[in-house]
>>> print(open('work28.txt').read())   # compact mmCIF, N, CA and C atoms and all ligand atoms
# COMPACT_ATOMS: atom_id res chain seq x y z
N MET N 4 101.26 52.19 142.17
CA MET N 4 100.28 53.24 142.46
C MET N 4 99.74 53.05 143.88
N SER N 5 100.65 53.06 144.87
CA SER N 5 100.24 52.77 146.24
C SER N 5 99.36 53.86 146.83
N ASN N 6 99.54 55.11 146.38
CA ASN N 6 98.70 56.20 146.90
C ASN N 6 97.46 56.43 146.06
N SER N 7 97.20 55.52 145.13
CA SER N 7 96.11 55.72 144.21
C SER N 7 94.77 55.64 144.92
N GLU N 8 93.89 56.53 144.54
CA GLU N 8 92.52 56.58 145.08
C GLU N 8 91.58 56.38 143.89
N GLN N 9 90.37 55.90 144.18
CA GLN N 9 89.39 55.73 143.10
C GLN N 9 88.24 56.70 143.26
N THR N 10 87.68 57.10 142.12
CA THR N 10 86.45 57.91 142.13
C THR N 10 85.56 57.46 140.98
N LEU N 11 84.28 57.78 141.09
CA LEU N 11 83.36 57.44 140.01
C LEU N 11 83.12 58.66 139.13
N SER N 12 83.24 58.45 137.84
CA SER N 12 82.93 59.49 136.86
C SER N 12 81.82 58.99 135.95
N ILE N 13 80.91 59.88 135.62
CA ILE N 13 79.86 59.56 134.64
C ILE N 13 79.89 60.60 133.53
N ILE N 14 79.94 60.14 132.30
CA ILE N 14 79.67 61.02 131.17
C ILE N 14 78.16 60.96 130.95
N LYS N 15 77.51 62.10 131.16
CA LYS N 15 76.04 62.17 131.20
C LYS N 15 75.42 62.13 129.80
N PRO N 16 74.10 61.92 129.73
CA PRO N 16 73.45 61.75 128.41
C PRO N 16 73.71 62.87 127.40
N ASP N 17 73.80 64.11 127.86
CA ASP N 17 74.00 65.20 126.89
C ASP N 17 75.33 65.05 126.15
N ALA N 18 76.35 64.55 126.86
CA ALA N 18 77.68 64.42 126.25
C ALA N 18 77.79 63.13 125.43
N VAL N 19 77.17 62.05 125.91
CA VAL N 19 77.16 60.80 125.14
C VAL N 19 76.45 61.05 123.80
N GLU N 20 75.33 61.77 123.89
CA GLU N 20 74.54 62.07 122.69
C GLU N 20 75.34 62.88 121.66
N ARG N 21 76.25 63.71 122.14
CA ARG N 21 77.08 64.52 121.23
C ARG N 21 78.39 63.81 120.86
N ASN N 22 78.46 62.50 121.15
CA ASN N 22 79.64 61.70 120.78
C ASN N 22 80.94 62.20 121.40
N LEU N 23 80.85 62.62 122.67
CA LEU N 23 82.03 63.18 123.35
C LEU N 23 82.76 62.18 124.25
N ILE N 24 82.36 60.90 124.21
CA ILE N 24 82.98 59.93 125.12
C ILE N 24 84.50 59.90 124.93
N GLU N 25 84.96 59.71 123.72
CA GLU N 25 86.41 59.58 123.50
C GLU N 25 87.15 60.86 123.87
N GLU N 26 86.57 62.00 123.50
CA GLU N 26 87.20 63.29 123.83
C GLU N 26 87.35 63.47 125.33
N ILE N 27 86.29 63.15 126.07
CA ILE N 27 86.33 63.33 127.53
C ILE N 27 87.26 62.29 128.17
N LYS N 28 87.21 61.06 127.69
CA LYS N 28 88.16 60.05 128.20
C LYS N 28 89.60 60.51 128.00
N ASN N 29 89.87 61.09 126.84
CA ASN N 29 91.24 61.56 126.56
C ASN N 29 91.67 62.68 127.50
N ILE N 30 90.72 63.48 127.95
CA ILE N 30 91.05 64.53 128.94
C ILE N 30 91.49 63.86 130.25
N PHE N 31 90.74 62.83 130.67
CA PHE N 31 91.14 62.13 131.89
C PHE N 31 92.53 61.49 131.73
N ILE N 32 92.72 60.83 130.60
CA ILE N 32 94.00 60.13 130.37
C ILE N 32 95.15 61.14 130.33
N SER N 33 94.94 62.25 129.66
CA SER N 33 96.04 63.23 129.57
C SER N 33 96.28 63.95 130.89
N ASN N 34 95.32 63.85 131.81
CA ASN N 34 95.53 64.38 133.16
C ASN N 34 95.94 63.27 134.14
N ASN N 35 96.49 62.20 133.57
CA ASN N 35 97.10 61.12 134.37
C ASN N 35 96.14 60.32 135.23
N PHE N 36 94.87 60.27 134.84
CA PHE N 36 93.94 59.32 135.46
C PHE N 36 94.06 57.99 134.74
N ASN N 37 94.03 56.91 135.51
CA ASN N 37 93.91 55.59 134.92
C ASN N 37 92.42 55.21 134.91
N ILE N 38 91.92 54.79 133.77
CA ILE N 38 90.53 54.32 133.69
C ILE N 38 90.53 52.83 134.01
N PHE N 39 90.15 52.51 135.24
CA PHE N 39 90.27 51.14 135.76
C PHE N 39 89.16 50.24 135.24
N LYS N 40 87.95 50.77 135.19
CA LYS N 40 86.80 50.04 134.61
C LYS N 40 85.92 51.06 133.92
N GLU N 41 85.20 50.62 132.91
CA GLU N 41 84.33 51.53 132.17
C GLU N 41 83.23 50.75 131.49
N LYS N 42 82.07 51.35 131.37
CA LYS N 42 80.99 50.72 130.60
C LYS N 42 79.94 51.75 130.20
N LYS N 43 79.30 51.47 129.07
CA LYS N 43 78.19 52.30 128.61
C LYS N 43 76.90 51.59 128.98
N ILE N 44 76.02 52.28 129.66
CA ILE N 44 74.76 51.68 130.09
C ILE N 44 73.65 52.72 130.04
N GLN N 45 72.42 52.25 130.16
CA GLN N 45 71.31 53.16 130.41
C GLN N 45 70.63 52.67 131.68
N ILE N 46 70.36 53.59 132.61
CA ILE N 46 69.71 53.21 133.86
C ILE N 46 68.24 53.62 133.84
N SER N 47 67.47 52.97 134.70
CA SER N 47 66.05 53.30 134.82
C SER N 47 65.88 54.54 135.69
N LYS N 48 64.68 55.12 135.66
CA LYS N 48 64.44 56.27 136.52
C LYS N 48 64.57 55.88 137.99
N ALA N 49 64.10 54.69 138.33
CA ALA N 49 64.21 54.23 139.73
C ALA N 49 65.67 54.11 140.16
N GLU N 50 66.51 53.64 139.27
CA GLU N 50 67.95 53.56 139.59
C GLU N 50 68.56 54.96 139.75
N ALA N 51 68.15 55.88 138.88
CA ALA N 51 68.64 57.26 139.00
C ALA N 51 68.20 57.87 140.33
N GLU N 52 66.98 57.58 140.75
CA GLU N 52 66.46 58.08 142.03
C GLU N 52 67.28 57.55 143.20
N GLU N 53 67.69 56.29 143.09
CA GLU N 53 68.54 55.71 144.12
C GLU N 53 69.93 56.36 144.10
N PHE N 54 70.48 56.51 142.92
CA PHE N 54 71.82 57.09 142.79
C PHE N 54 71.87 58.51 143.35
N TYR N 55 70.84 59.31 143.07
CA TYR N 55 70.82 60.73 143.47
C TYR N 55 69.98 60.98 144.71
N LYS N 56 69.79 59.93 145.56
CA LYS N 56 68.85 60.09 146.69
C LYS N 56 69.24 61.19 147.67
N VAL N 57 70.54 61.56 147.73
CA VAL N 57 70.92 62.70 148.60
C VAL N 57 70.22 63.99 148.19
N HIS N 58 69.76 64.04 146.95
CA HIS N 58 69.11 65.26 146.45
C HIS N 58 67.59 65.16 146.45
N GLN N 59 67.04 64.16 147.16
CA GLN N 59 65.60 63.91 146.99
C GLN N 59 64.70 65.06 147.46
N SER N 60 65.22 65.91 148.34
CA SER N 60 64.40 67.04 148.80
C SER N 60 64.55 68.28 147.91
N LYS N 61 65.42 68.20 146.91
CA LYS N 61 65.70 69.39 146.08
C LYS N 61 64.64 69.55 145.00
N PRO N 62 64.37 70.81 144.64
CA PRO N 62 63.36 71.05 143.59
C PRO N 62 63.72 70.43 142.24
N PHE N 63 65.02 70.24 141.99
CA PHE N 63 65.45 69.73 140.69
C PHE N 63 65.53 68.20 140.64
N TYR N 64 65.19 67.53 141.76
CA TYR N 64 65.40 66.07 141.87
C TYR N 64 64.69 65.28 140.77
N ASN N 65 63.41 65.54 140.58
CA ASN N 65 62.66 64.76 139.58
C ASN N 65 63.24 64.93 138.17
N ASP N 66 63.49 66.18 137.79
CA ASP N 66 64.06 66.43 136.45
C ASP N 66 65.44 65.80 136.32
N LEU N 67 66.20 65.86 137.38
CA LEU N 67 67.56 65.29 137.38
C LEU N 67 67.51 63.78 137.12
N CYS N 68 66.58 63.11 137.78
CA CYS N 68 66.48 61.65 137.63
C CYS N 68 65.90 61.27 136.27
N GLU N 69 64.95 62.07 135.79
CA GLU N 69 64.44 61.88 134.42
C GLU N 69 65.59 61.99 133.44
N TYR N 70 66.37 63.02 133.63
CA TYR N 70 67.47 63.31 132.71
C TYR N 70 68.54 62.22 132.72
N LEU N 71 68.99 61.80 133.90
CA LEU N 71 70.08 60.81 133.96
C LEU N 71 69.66 59.47 133.35
N SER N 72 68.34 59.22 133.37
CA SER N 72 67.83 57.96 132.82
C SER N 72 67.32 58.12 131.38
N SER N 73 67.52 59.29 130.80
CA SER N 73 66.91 59.59 129.49
C SER N 73 67.67 59.00 128.31
N GLY N 74 68.89 58.55 128.53
CA GLY N 74 69.69 58.01 127.44
C GLY N 74 70.93 57.34 127.99
N PRO N 75 71.75 56.78 127.11
CA PRO N 75 72.96 56.10 127.57
C PRO N 75 73.91 57.04 128.33
N ILE N 76 74.59 56.46 129.31
CA ILE N 76 75.64 57.15 130.05
C ILE N 76 76.90 56.30 129.98
N TYR N 77 78.04 56.90 130.27
CA TYR N 77 79.31 56.17 130.26
C TYR N 77 79.93 56.30 131.63
N VAL N 78 80.01 55.19 132.36
CA VAL N 78 80.50 55.24 133.73
C VAL N 78 81.92 54.67 133.80
N MET N 79 82.72 55.32 134.62
CA MET N 79 84.14 54.93 134.73
C MET N 79 84.60 54.97 136.18
N ILE N 80 85.46 54.03 136.53
CA ILE N 80 86.23 54.13 137.77
C ILE N 80 87.56 54.76 137.39
N LEU N 81 87.80 55.95 137.92
CA LEU N 81 89.07 56.65 137.65
C LEU N 81 90.00 56.47 138.84
N GLU N 82 91.28 56.28 138.52
CA GLU N 82 92.30 56.13 139.57
C GLU N 82 93.40 57.16 139.41
N LYS N 83 93.78 57.72 140.52
CA LYS N 83 94.89 58.67 140.56
C LYS N 83 95.14 58.99 142.03
N GLU N 84 96.26 59.53 142.35
CA GLU N 84 96.46 60.07 143.69
C GLU N 84 95.45 61.21 143.90
N ASN N 85 94.74 61.19 145.00
CA ASN N 85 93.70 62.20 145.28
C ASN N 85 92.67 62.31 144.14
N ALA N 86 92.27 61.16 143.63
CA ALA N 86 91.38 61.12 142.46
C ALA N 86 90.07 61.90 142.66
N VAL N 87 89.50 61.82 143.86
CA VAL N 87 88.20 62.47 144.08
C VAL N 87 88.32 63.97 143.84
N ILE N 88 89.25 64.59 144.54
CA ILE N 88 89.38 66.05 144.44
C ILE N 88 89.97 66.47 143.09
N GLU N 89 90.88 65.67 142.57
CA GLU N 89 91.47 65.99 141.27
C GLU N 89 90.42 65.94 140.16
N ASN N 90 89.51 64.97 140.26
CA ASN N 90 88.43 64.89 139.27
C ASN N 90 87.48 66.07 139.42
N ARG N 91 87.13 66.42 140.65
CA ARG N 91 86.24 67.58 140.86
C ARG N 91 86.86 68.85 140.27
N LYS N 92 88.17 69.01 140.42
CA LYS N 92 88.84 70.20 139.86
C LYS N 92 88.78 70.20 138.35
N LEU N 93 89.03 69.02 137.78
CA LEU N 93 89.04 68.91 136.31
C LEU N 93 87.63 69.09 135.73
N MET N 94 86.61 68.68 136.49
CA MET N 94 85.22 68.84 136.03
C MET N 94 84.79 70.31 136.00
N GLY N 95 85.15 71.06 137.02
CA GLY N 95 84.70 72.45 137.15
C GLY N 95 83.37 72.56 137.88
N SER N 96 82.93 73.79 138.09
CA SER N 96 81.71 74.06 138.86
C SER N 96 80.48 73.41 138.24
N THR N 97 79.50 73.13 139.10
CA THR N 97 78.24 72.51 138.67
C THR N 97 77.60 73.28 137.52
N ASN N 98 77.59 74.60 137.64
CA ASN N 98 77.04 75.44 136.58
C ASN N 98 78.15 75.78 135.58
N PRO N 99 78.04 75.26 134.35
CA PRO N 99 79.10 75.50 133.36
C PRO N 99 79.44 76.98 133.17
N LYS N 100 78.45 77.83 133.41
CA LYS N 100 78.70 79.29 133.25
C LYS N 100 79.69 79.79 134.29
N GLU N 101 79.78 79.09 135.40
CA GLU N 101 80.70 79.49 136.47
C GLU N 101 81.97 78.65 136.46
N ALA N 102 82.05 77.68 135.57
CA ALA N 102 83.19 76.76 135.57
C ALA N 102 84.45 77.45 135.06
N GLU N 103 85.56 77.07 135.66
CA GLU N 103 86.85 77.66 135.34
C GLU N 103 87.29 77.26 133.93
N GLU N 104 88.05 78.14 133.31
CA GLU N 104 88.65 77.88 131.99
C GLU N 104 89.45 76.56 132.05
N GLY N 105 89.32 75.75 131.03
CA GLY N 105 90.09 74.51 130.98
C GLY N 105 89.40 73.32 131.62
N THR N 106 88.24 73.54 132.25
CA THR N 106 87.53 72.42 132.87
C THR N 106 86.58 71.76 131.87
N ILE N 107 86.19 70.54 132.19
CA ILE N 107 85.32 69.77 131.29
C ILE N 107 83.95 70.45 131.17
N ARG N 108 83.42 70.90 132.29
CA ARG N 108 82.09 71.53 132.22
C ARG N 108 82.14 72.87 131.48
N LYS N 109 83.23 73.59 131.63
CA LYS N 109 83.38 74.85 130.87
C LYS N 109 83.38 74.55 129.38
N LYS N 110 84.08 73.50 129.02
CA LYS N 110 84.26 73.18 127.60
C LYS N 110 83.00 72.58 126.98
N TYR N 111 82.33 71.68 127.72
CA TYR N 111 81.25 70.90 127.10
C TYR N 111 79.87 71.12 127.71
N GLY N 112 79.80 71.63 128.94
CA GLY N 112 78.51 71.76 129.62
C GLY N 112 77.57 72.70 128.87
N LEU N 113 76.30 72.34 128.84
CA LEU N 113 75.31 73.13 128.13
C LEU N 113 74.54 74.03 129.08
N SER N 114 74.34 73.55 130.31
CA SER N 114 73.52 74.25 131.30
C SER N 114 73.76 73.58 132.65
N ILE N 115 73.17 74.15 133.71
CA ILE N 115 73.41 73.57 135.05
C ILE N 115 72.90 72.13 135.14
N ASP N 116 71.87 71.79 134.40
CA ASP N 116 71.38 70.40 134.44
C ASP N 116 72.11 69.52 133.43
N LYS N 117 72.34 70.04 132.24
CA LYS N 117 73.08 69.26 131.23
C LYS N 117 74.55 69.67 131.28
N ASN N 118 75.21 69.23 132.34
CA ASN N 118 76.59 69.69 132.57
C ASN N 118 77.63 68.60 132.29
N SER N 119 77.23 67.62 131.49
CA SER N 119 78.15 66.68 130.81
C SER N 119 78.84 65.60 131.65
N VAL N 120 79.16 65.90 132.91
CA VAL N 120 79.85 64.90 133.72
C VAL N 120 79.39 64.93 135.18
N HIS N 121 79.48 63.77 135.80
CA HIS N 121 79.30 63.62 137.25
C HIS N 121 80.63 63.16 137.84
N GLY N 122 80.91 63.56 139.05
CA GLY N 122 82.06 63.03 139.78
C GLY N 122 81.75 62.92 141.25
N SER N 123 82.17 61.85 141.89
CA SER N 123 81.96 61.67 143.33
C SER N 123 82.52 62.88 144.08
N ASP N 124 81.83 63.25 145.18
CA ASP N 124 82.26 64.45 145.91
C ASP N 124 83.05 64.15 147.19
N SER N 125 83.23 62.88 147.52
CA SER N 125 84.05 62.52 148.69
C SER N 125 84.53 61.08 148.50
N VAL N 126 85.52 60.71 149.27
CA VAL N 126 86.04 59.34 149.19
C VAL N 126 84.95 58.34 149.60
N ASP N 127 84.20 58.68 150.64
CA ASP N 127 83.12 57.78 151.10
C ASP N 127 82.06 57.60 150.02
N ASN N 128 81.66 58.71 149.40
CA ASN N 128 80.65 58.60 148.33
C ASN N 128 81.21 57.89 147.10
N ALA N 129 82.49 58.05 146.85
CA ALA N 129 83.10 57.34 145.71
C ALA N 129 82.94 55.82 145.89
N ILE N 130 83.17 55.35 147.11
CA ILE N 130 83.03 53.90 147.38
C ILE N 130 81.59 53.46 147.13
N ILE N 131 80.64 54.24 147.63
CA ILE N 131 79.22 53.91 147.45
C ILE N 131 78.84 53.93 145.97
N GLU N 132 79.30 54.95 145.26
CA GLU N 132 78.92 55.11 143.85
C GLU N 132 79.59 54.06 142.95
N ILE N 133 80.83 53.70 143.26
CA ILE N 133 81.51 52.65 142.49
C ILE N 133 80.77 51.32 142.68
N ASP N 134 80.40 51.07 143.92
CA ASP N 134 79.64 49.87 144.24
C ASP N 134 78.30 49.83 143.49
N PHE N 135 77.66 50.99 143.41
CA PHE N 135 76.36 51.10 142.74
C PHE N 135 76.46 50.63 141.29
N PHE N 136 77.50 51.02 140.60
CA PHE N 136 77.61 50.69 139.17
C PHE N 136 78.43 49.45 138.85
N PHE N 137 79.32 49.05 139.73
CA PHE N 137 80.26 47.99 139.36
C PHE N 137 80.25 46.78 140.28
N LYS N 138 79.29 46.70 141.18
CA LYS N 138 79.27 45.56 142.09
C LYS N 138 78.94 44.27 141.34
O1 LIG N 201 77.25 67.39 140.06
P1 LIG N 201 77.67 68.25 141.22
O2 LIG N 201 78.19 67.45 142.38
O3 LIG N 201 78.61 69.34 140.81
O4 LIG N 201 76.36 69.02 141.71
P2 LIG N 201 75.24 68.61 142.77
O5 LIG N 201 74.94 69.81 143.58
O6 LIG N 201 75.61 67.35 143.50
O7 LIG N 201 73.97 68.34 141.87
C1 LIG N 201 73.84 67.12 141.16
C2 LIG N 201 73.38 67.44 139.77
O8 LIG N 201 72.07 68.01 139.86
C3 LIG N 201 74.19 68.49 139.01
O9 LIG N 201 75.34 67.97 138.39
C4 LIG N 201 73.19 68.97 138.00
O10 LIG N 201 73.12 68.08 136.90
C5 LIG N 201 71.88 68.91 138.76
N1 LIG N 201 71.46 70.22 139.28
C6 LIG N 201 70.43 70.88 138.65
O11 LIG N 201 69.86 70.40 137.68
N2 LIG N 201 70.01 72.11 139.12
C7 LIG N 201 70.62 72.67 140.18
N3 LIG N 201 70.20 73.87 140.62
C8 LIG N 201 71.66 72.00 140.83
C9 LIG N 201 72.08 70.77 140.35
MG MG N 202 77.24 66.10 143.63
>>> encode(input="work28.txt", output="C-alpha cells", more="lines below")
Ligand code: CDP
Ligand code: MG
Amino acid sequence: MSNSEQTLSIIKPDAVERNLIEEIKNIFISNNFNIFKEKKIQISKAEAEEFYKVHQSKPFYNDLCEYLSSGPIYVMILEKENAVIENRKLMGSTNPKEAEEGTIRKKYGLSIDKNSVHGSDSVDNAIIEIDFFFK
C-alpha cells in the first residue's frame, strides 16, 4: 500500500448511541478502507473545543463541542489511496438533507449537527487530527 494515505474518521455520539458502529465500519471496509487503528472513547468539552478550534468563531461552536463530548465516540485511522477525499465523498455533505444518495450522512444523519460522522478535510488536518487522538 505504497500510495496509501491516512485520514481520521469519527463515528459521532448520535450514531454510537444508535449502535451503528459495526454498520458504519462495514461501509468503510466494503469501500476498501483499511482500519489501521480504532478506539471507543469519550472526550471532555475542553478536548472537543481543542479538536474543533477552527470553528471557534462560528455560532454553532459551543453546541458542537457540547455535542461531541456528550457521549462515547468511535475514532478510527482509515487508510486508502486518497483516503482524505475518498472518505469525504463517502460521508456526503455536512447537512444530511443535502447529502448524496449512498453516502453515510444520507443514510444515517439526523440533522446538520447530528450528522453521524466526522472526516478530516485535508491531508494536513488529517495528520493533526490523528495525532490528537492517537499520539
Ligand atoms: O463535518 P464537516 O467537515 O462536513 O463540516 P464543518 O463545516 O467542518 O462543521 C463541523 C461540524 O459542525 C459539522 O459536521 C456539524 O456537526 C457541525 N455544524 C453545525 O452544527 N451547524 C452548522 N451550520 C455547520 C456545522
Ligand atoms: Mg470539517
>>> residues_around(input="work28.txt", residues="Asn35 (chain N)", least_positions_apart="6", cutoff="12 Å", atoms="only C-alpha atoms", output="VMD selection string")
chain N and resid 4 7 28 to 29 81 to 86 89 to 90 93
>>> closest_atom_pairs(input="work28.txt", of="chain N", to="ligand MG 202 (chain N)", cutoff="6.5 Å", atoms="all atoms listed in the file", output="CSV")
residue,atom,partner,partner_atom,distance
N:Gly122,C,N:MG202,MG,6.0
N:Ser123,C,N:MG202,MG,6.2
N:Asp124,N,N:MG202,MG,5.6
>>> residues_near_ligand(input="work28.txt", ligand="ligand LIG 201 (chain N)", cutoff="5 Å", atoms="only N, CA and C atoms and all ligand atoms", output="PyMOL selection string")
chain N and resi 97+115-116
>>> atom_distance(input="work28.txt", atom1="CA of Lys40 (chain N)", atom2="CA of Phe137 (chain N)")
8.3 Å
>>> select_by_dssp(input="work28.txt", residues="chain N", states="strand (DSSP E or B)", output="list in words")
Ser7, Glu8, Gln9, Thr10, Leu11, Ser12, Ile13, Ile14, Asn37, Ile38, Phe39, Lys40, Glu41, Lys42, Lys43, Ile44, Ile76, Tyr77, Val78, Met79, Ile80, Leu81, Glu82, Lys83, Glu84, Val120, His121 and Gly122 of chain N
>>> residues_around(input="work28.txt", residues="Leu11 (chain N)", least_positions_apart="2", cutoff="7 Å", atoms="all atoms listed in the file", output="PDB file with N, CA and C atoms, in the coordinates of the input")
ATOM      1  N   GLN N   9      90.370  55.900 144.180  1.00  0.00           N
ATOM      2  CA  GLN N   9      89.390  55.730 143.100  1.00  0.00           C
ATOM      3  C   GLN N   9      88.240  56.700 143.260  1.00  0.00           C
ATOM      4  N   ILE N  13      80.910  59.880 135.620  1.00  0.00           N
ATOM      5  CA  ILE N  13      79.860  59.560 134.640  1.00  0.00           C
ATOM      6  C   ILE N  13      79.890  60.600 133.530  1.00  0.00           C
ATOM      7  N   VAL N  78      80.010  55.190 132.360  1.00  0.00           N
ATOM      8  CA  VAL N  78      80.500  55.240 133.730  1.00  0.00           C
ATOM      9  C   VAL N  78      81.920  54.670 133.800  1.00  0.00           C
ATOM     10  N   MET N  79      82.720  55.320 134.620  1.00  0.00           N
ATOM     11  CA  MET N  79      84.140  54.930 134.730  1.00  0.00           C
ATOM     12  C   MET N  79      84.600  54.970 136.180  1.00  0.00           C
ATOM     13  N   ILE N  80      85.460  54.030 136.530  1.00  0.00           N
ATOM     14  CA  ILE N  80      86.230  54.130 137.770  1.00  0.00           C
ATOM     15  C   ILE N  80      87.560  54.760 137.390  1.00  0.00           C
ATOM     16  N   LEU N  81      87.800  55.950 137.920  1.00  0.00           N
ATOM     17  CA  LEU N  81      89.070  56.650 137.650  1.00  0.00           C
ATOM     18  C   LEU N  81      90.000  56.470 138.840  1.00  0.00           C
ATOM     19  N   VAL N  87      89.500  61.820 143.860  1.00  0.00           N
ATOM     20  CA  VAL N  87      88.200  62.470 144.080  1.00  0.00           C
ATOM     21  C   VAL N  87      88.320  63.970 143.840  1.00  0.00           C
ATOM     22  N   HIS N 121      79.480  63.770 135.800  1.00  0.00           N
ATOM     23  CA  HIS N 121      79.300  63.620 137.250  1.00  0.00           C
ATOM     24  C   HIS N 121      80.630  63.160 137.840  1.00  0.00           C
ATOM     25  N   GLY N 122      80.910  63.560 139.050  1.00  0.00           N
ATOM     26  CA  GLY N 122      82.060  63.030 139.780  1.00  0.00           C
ATOM     27  C   GLY N 122      81.750  62.920 141.250  1.00  0.00           C
ATOM     28  N   SER N 123      82.170  61.850 141.890  1.00  0.00           N
ATOM     29  CA  SER N 123      81.960  61.670 143.330  1.00  0.00           C
ATOM     30  C   SER N 123      82.520  62.880 144.080  1.00  0.00           C
ATOM     31  N   ASN N 128      81.660  58.710 149.400  1.00  0.00           N
ATOM     32  CA  ASN N 128      80.650  58.600 148.330  1.00  0.00           C
ATOM     33  C   ASN N 128      81.210  57.890 147.100  1.00  0.00           C
ATOM     34  N   ALA N 129      82.490  58.050 146.850  1.00  0.00           N
ATOM     35  CA  ALA N 129      83.100  57.340 145.710  1.00  0.00           C
ATOM     36  C   ALA N 129      82.940  55.820 145.890  1.00  0.00           C
ATOM     37  N   ILE N 130      83.170  55.350 147.110  1.00  0.00           N
ATOM     38  CA  ILE N 130      83.030  53.900 147.380  1.00  0.00           C
ATOM     39  C   ILE N 130      81.590  53.460 147.130  1.00  0.00           C
ATOM     40  N   GLU N 132      79.300  54.950 145.260  1.00  0.00           N
ATOM     41  CA  GLU N 132      78.920  55.110 143.850  1.00  0.00           C
ATOM     42  C   GLU N 132      79.590  54.060 142.950  1.00  0.00           C
ATOM     43  N   ILE N 133      80.830  53.700 143.260  1.00  0.00           N
ATOM     44  CA  ILE N 133      81.510  52.650 142.490  1.00  0.00           C
ATOM     45  C   ILE N 133      80.770  51.320 142.680  1.00  0.00           C
TER      46      ILE N 133
END
>>> residues_around(input="work28.txt", residues="Ile14 (chain N)", least_positions_apart="3", cutoff="5 Å", atoms="only N, CA and C atoms", output="list in words")
Ile76, Tyr77, Val78, Ser119 and Val120 of chain N
>>> closest_residue(input="work28.txt", among="N:Phe36, N:Pro75, N:Glu41, N:Ala49", to="Val19 (chain N)", atoms="only N, CA and C atoms")
N:Pro75
>>> atom_distance(input="work28.txt", atom1="CA of Asp134 (chain N)", atom2="CA of Tyr55 (chain N)")
14.0 Å
>>> select_by_dssp(input="work28.txt", residues="chain N", states="helix (DSSP H, G or I)", output="VMD selection string")
chain N and resid 16 to 20 24 to 33 48 to 54 56 to 58 64 to 71 86 to 94 99 to 101 107 to 111 126 to 137
>>> decode(input="work28.txt", residues="region 71-84 of chain N", atoms="N, CA and C atoms", output="JSON list (two decimals), in the first residue's frame")
[["chain", "number", "residue", "atom", "x", "y", "z"],
["N", 71, "LEU", "N", -20.18, 16.86, 20.83],
["N", 71, "LEU", "CA", -19.13, 15.85, 20.59],
["N", 71, "LEU", "C", -18.65, 15.22, 21.90],
["N", 72, "SER", "N", -18.82, 15.96, 23.00],
["N", 72, "SER", "CA", -18.39, 15.44, 24.31],
["N", 72, "SER", "C", -19.56, 14.84, 25.10],
["N", 73, "SER", "N", -20.73, 14.74, 24.47],
["N", 73, "SER", "CA", -21.93, 14.32, 25.21],
["N", 73, "SER", "C", -22.04, 12.82, 25.42],
["N", 74, "GLY", "N", -21.25, 12.05, 24.72],
["N", 74, "GLY", "CA", -21.32, 10.59, 24.84],
["N", 74, "GLY", "C", -20.15, 9.96, 24.13],
["N", 75, "PRO", "N", -20.08, 8.63, 24.17],
["N", 75, "PRO", "CA", -18.96, 7.94, 23.53],
["N", 75, "PRO", "C", -18.90, 8.21, 22.02],
["N", 76, "ILE", "N", -17.68, 8.25, 21.51],
["N", 76, "ILE", "CA", -17.42, 8.34, 20.08],
["N", 76, "ILE", "C", -16.50, 7.20, 19.69],
["N", 77, "TYR", "N", -16.44, 6.90, 18.40],
["N", 77, "TYR", "CA", -15.57, 5.82, 17.91],
["N", 77, "TYR", "C", -14.63, 6.43, 16.89],
["N", 78, "VAL", "N", -13.34, 6.48, 17.23],
["N", 78, "VAL", "CA", -12.38, 7.13, 16.34],
["N", 78, "VAL", "C", -11.53, 6.08, 15.62],
["N", 79, "MET", "N", -11.26, 6.37, 14.36],
["N", 79, "MET", "CA", -10.53, 5.42, 13.52],
["N", 79, "MET", "C", -9.51, 6.15, 12.64],
["N", 80, "ILE", "N", -8.38, 5.51, 12.44],
["N", 80, "ILE", "CA", -7.46, 5.92, 11.38],
["N", 80, "ILE", "C", -7.78, 5.04, 10.18],
["N", 81, "LEU", "N", -8.25, 5.68, 9.12],
["N", 81, "LEU", "CA", -8.58, 4.96, 7.89],
["N", 81, "LEU", "C", -7.44, 5.12, 6.88],
["N", 82, "GLU", "N", -7.15, 4.04, 6.18],
["N", 82, "GLU", "CA", -6.10, 4.07, 5.15],
["N", 82, "GLU", "C", -6.66, 3.63, 3.80],
["N", 83, "LYS", "N", -6.25, 4.37, 2.81],
["N", 83, "LYS", "CA", -6.61, 4.05, 1.42],
["N", 83, "LYS", "C", -5.84, 5.02, 0.53],
["N", 84, "GLU", "N", -5.73, 4.72, -0.72],
["N", 84, "GLU", "CA", -5.22, 5.72, -1.66],
["N", 84, "GLU", "C", -6.19, 6.91, -1.66]]
